[in-house]
Amino acid sequence: MKNWIPLFLLLLALTSCKTRTAIQNDNANGKDSIATTKDNGDPKDVNEPVKDKFSFYEHVLVPPKFEQIKIDSKVRVETGSYVPTLDATIYIENDQKVWMNLRALFINAARGIATPEGIKGQDKINKTYIDSDFDYLNNLLNVNFIDYKSLEKILLGRTFVKINDRQFNLTQNAQGFKMTSNTNQKIVTDEKNREYKIELQYDTNYDLLSVNLKDILSSDELDISYSDWDEYNGIRLPKNVKIIIKGSKSSQILLENTKFDFSRMETPYSVPSSYKKIEIK
């Protein structure tokens, strides 16, 4: 996986597209230990097959019902170069658009919008912009499942990879549920074919805790974890989202969601004619 995910592209103004410097982080020796207690002989750690699979799939695959959600967030980005903590407003209109505005030191620094057609973003400081479809993003990531809906699901803590009873093993212990791919998941893009092992962790109440995709032939790995879930307007949402891209070089994004609002808002987006279009490499 290269050092980009769709959310990263919306943050491009202040994260520097071409940064490839490795970072030091607490995960150097393995992925986050959220609901992943090793089996030490304690009965609570024994993974047992899930009998009521229909109930599990119903809980984790049925999407939440909403028209729009506005999220105020603190965003911390680590790429190897200094990036100040960003204040973000993320506005999601269900199945329509994800709009994001980023501020640094009270100055509007970047803005982006994703629709089913693709992603657009602009750097207000350097006066540049991007305009990318999802095919291009999938090639950058060496995956084939990123589309508008998966971006919505990533932000809201929903299952964004395809899971089924034939290709995954579903088990349960006192900590919750675990889905592990029993066959390598083949991901075909224009550049190459790759194979991944996928593991998903859920809490006992079906909240998604983590998703891990590991390339079996390289050190490339994608970790997305969620924590501090609560209910807002009848919808369970995570306050914290951590996205870690591992490989020969690493990057991470941490979203601390401080407020959820369900009222409609305006989402202006236009690129001044003086801005220069850049290609993401």
# chains A, B, ... in the order shown; residues from 1 in each chain; ligands from 1
call {"tool": "closest_atom_pairs", "arguments": {"of": "range 251-279 of chain A", "to": "range 88-94 of chain A", "cutoff": "12 Å", "atoms": "only C-alpha atoms", "output": "Markdown table"}}
result
| residue | atom | partner | partner_atom | distance |
| --- | --- | --- | --- | --- |
| A:Leu254 | CA | A:Ala88 | CA | 11.7 |
| A:Leu255 | CA | A:Ala88 | CA | 9.1 |
| A:Glu256 | CA | A:Ala88 | CA | 9.7 |
| A:Asn257 | CA | A:Ala88 | CA | 9.1 |
| A:Thr258 | CA | A:Ala88 | CA | 10.1 |
| A:Lys259 | CA | A:Thr89 | CA | 9.7 |
| A:Phe260 | CA | A:Ile90 | CA | 9.7 |
| A:Asp261 | CA | A:Tyr91 | CA | 9.2 |
| A:Phe262 | CA | A:Tyr91 | CA | 9.4 |
| A:Ser263 | CA | A:Tyr91 | CA | 9.9 |
| A:Arg264 | CA | A:Glu93 | CA | 8.6 |
| A:Met265 | CA | A:Tyr91 | CA | 8.0 |
| A:Glu266 | CA | A:Tyr91 | CA | 9.3 |
| A:Thr267 | CA | A:Tyr91 | CA | 7.9 |
| A:Pro268 | CA | A:Tyr91 | CA | 11.4 |
call {"tool": "residues_around", "arguments": {"residues": "Tyr275 in chain A", "least_positions_apart": "5", "cutoff": "10 Å", "atoms": "only C-alpha atoms", "output": "PyMOL selection string"}}
result
chain A and resi 122-124+126-130
call {"tool": "atom_distance", "arguments": {"atom1": "CA of Phe66 in chain A", "atom2": "CA of Ala114 in chain A"}}
result
17.8 Å
call {"tool": "select_by_dssp", "arguments": {"residues": "range 175-260 of chain A", "states": "strand (DSSP E or B)", "output": "JSON, numbers by chain"}}
result
{"A": [176, 177, 178, 179, 180, 181, 185, 186, 187, 188, 193, 194, 195, 196, 197, 198, 199, 200, 201, 202, 208, 209, 210, 211, 212, 213, 214, 215, 221, 222, 223, 224, 225, 226, 227, 228, 229, 230, 231, 232, 235, 236, 237, 238, 239, 240, 241, 242, 243, 244, 245, 246, 251, 252, 253, 254, 255, 256, 257, 258, 259, 260]}
call {"tool": "select_by_dssp", "arguments": {"residues": "range 22-261 of chain A", "states": "helix (DSSP H, G or I)", "output": "MDAnalysis selection string"}}
result
chainID A and resid 43:45 53:61 134:141 148:156
call {"tool": "closest_residue", "arguments": {"among": "A:Pro116, A:Pro64, A:Gly121, A:Gly157", "to": "Trp229 in chain A", "atoms": "only C-alpha atoms"}}
result
A:Gly157
